[in-house]
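J.: Here it is: the structure, laid out below.
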Amino acid sequence: MKTLDEMLNRRLLTREQHADISSWVAAARTPEGILAMPEPLWRTLSLASLLMDVDADLTQPPALDAGH
(Lines give C-alpha, C1' and ligand atoms only; values in the text may rest on other atoms or scores of the structure.)
Protein backbone atom coordinates (compact mmCIF):
# COMPACT_ATOMS: atom_id res chain seq x y z
CA MET A 1 0.00 0.00 0.00
CA LYS A 2 2.97 2.31 0.54
CA THR A 3 3.63 2.30 -3.22
CA LEU A 4 -0.02 3.15 -3.92
CA ASP A 5 0.21 6.03 -1.47
CA GLU A 6 3.32 7.31 -3.23
CA MET A 7 1.52 7.08 -6.59
CA LEU A 8 -1.27 9.20 -5.13
CA ASN A 9 1.18 11.72 -3.68
CA ARG A 10 2.92 12.02 -7.05
CA ARG A 11 -0.50 12.56 -8.65
CA LEU A 12 -0.17 9.44 -10.79
CA LEU A 13 -3.48 8.19 -9.37
CA THR A 14 -6.63 10.07 -8.50
CA ARG A 15 -8.10 9.64 -5.03
CA GLU A 16 -10.85 7.50 -6.56
CA GLN A 17 -8.35 5.27 -8.41
CA HIS A 18 -6.26 4.94 -5.25
CA ALA A 19 -9.32 3.93 -3.24
CA ASP A 20 -10.54 1.47 -5.90
CA ILE A 21 -7.14 -0.21 -6.32
CA SER A 22 -6.51 -0.31 -2.56
CA SER A 23 -9.91 -1.90 -1.98
CA TRP A 24 -9.32 -4.46 -4.71
CA VAL A 25 -5.90 -5.44 -3.36
CA ALA A 26 -7.19 -5.68 0.21
CA ALA A 27 -10.10 -7.89 -0.84
CA ALA A 28 -8.11 -10.05 -3.27
CA ARG A 29 -5.78 -11.55 -0.64
CA THR A 30 -3.82 -13.61 -3.21
CA PRO A 31 -1.60 -12.75 -6.17
CA GLU A 32 -4.10 -14.48 -8.44
CA GLY A 33 -6.89 -12.33 -7.02
CA ILE A 34 -4.89 -9.16 -7.61
CA LEU A 35 -4.20 -10.23 -11.20
CA ALA A 36 -7.97 -10.52 -11.73
CA MET A 37 -8.30 -6.75 -11.19
CA PRO A 38 -10.64 -5.12 -13.73
CA GLU A 39 -8.81 -3.99 -16.87
CA PRO A 40 -9.28 -0.22 -16.36
CA LEU A 41 -7.79 -0.38 -12.86
CA TRP A 42 -4.99 -2.68 -13.99
CA ARG A 43 -4.12 -0.34 -16.87
CA THR A 44 -4.03 2.65 -14.50
CA LEU A 45 -1.84 0.80 -12.00
CA SER A 46 0.50 -0.40 -14.76
CA LEU A 47 0.95 3.10 -16.15
CA ALA A 48 1.61 4.59 -12.71
CA SER A 49 4.13 1.80 -12.02
CA LEU A 50 5.89 2.51 -15.29
CA LEU A 51 6.02 6.25 -14.62
CA MET A 52 7.48 5.62 -11.16
CA ASP A 53 9.93 3.06 -12.58
CA VAL A 54 8.86 0.60 -9.87
CA ASP A 55 10.89 -2.19 -11.46
CA ALA A 56 14.14 -0.19 -11.38
CA ASP A 57 15.33 -1.95 -8.22
CA LEU A 58 15.07 -5.29 -9.98
CA THR A 59 17.38 -4.16 -12.80
CA GLN A 60 20.10 -2.70 -10.56
CA PRO A 61 23.07 -4.77 -9.41
CA PRO A 62 23.10 -5.37 -5.64
CA ALA A 63 24.93 -2.78 -3.56
CA LEU A 64 28.37 -3.89 -2.42
CA ASP A 65 27.41 -3.16 1.17
CA ALA A 66 24.08 -5.00 1.00
CA GLY A 67 23.38 -7.00 4.11
CA HIS A 68 26.02 -5.24 6.24
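As shown in the C-alpha coordinates, the chain order sets the letters A, B, ...; within each chain, residues go from 1, and ligands are also counted from 1 in the order they appear.
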Report as JSON, numbers by chain all protein, DNA and RNA residues lying within 8 Å of segment 8-25 of chain A, evaluated on only C-alpha atoms, omitting residues in the same chain fewer than 4 positions from it.
T.: {"A": [1, 4, 29, 33, 34, 37, 41, 44, 45, 48, 51]}
J.: What gap, in Å, lies between atom CA of Glu39 of chain A and atom CA of Met7 of chain A?
T.: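 Computed distance, atom CA of Glu39 of chain A to atom CA of Met7 of chain A, equals 18.3 Å.
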J.: Work out how far apart atom CA of Ala28 of chain A and atom CA of Ser49 of chain A are and give it in Å to one decimal.
T.: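 Computed distance, atom CA of Ala28 of chain A to atom CA of Ser49 of chain A, equals 19.2 Å.
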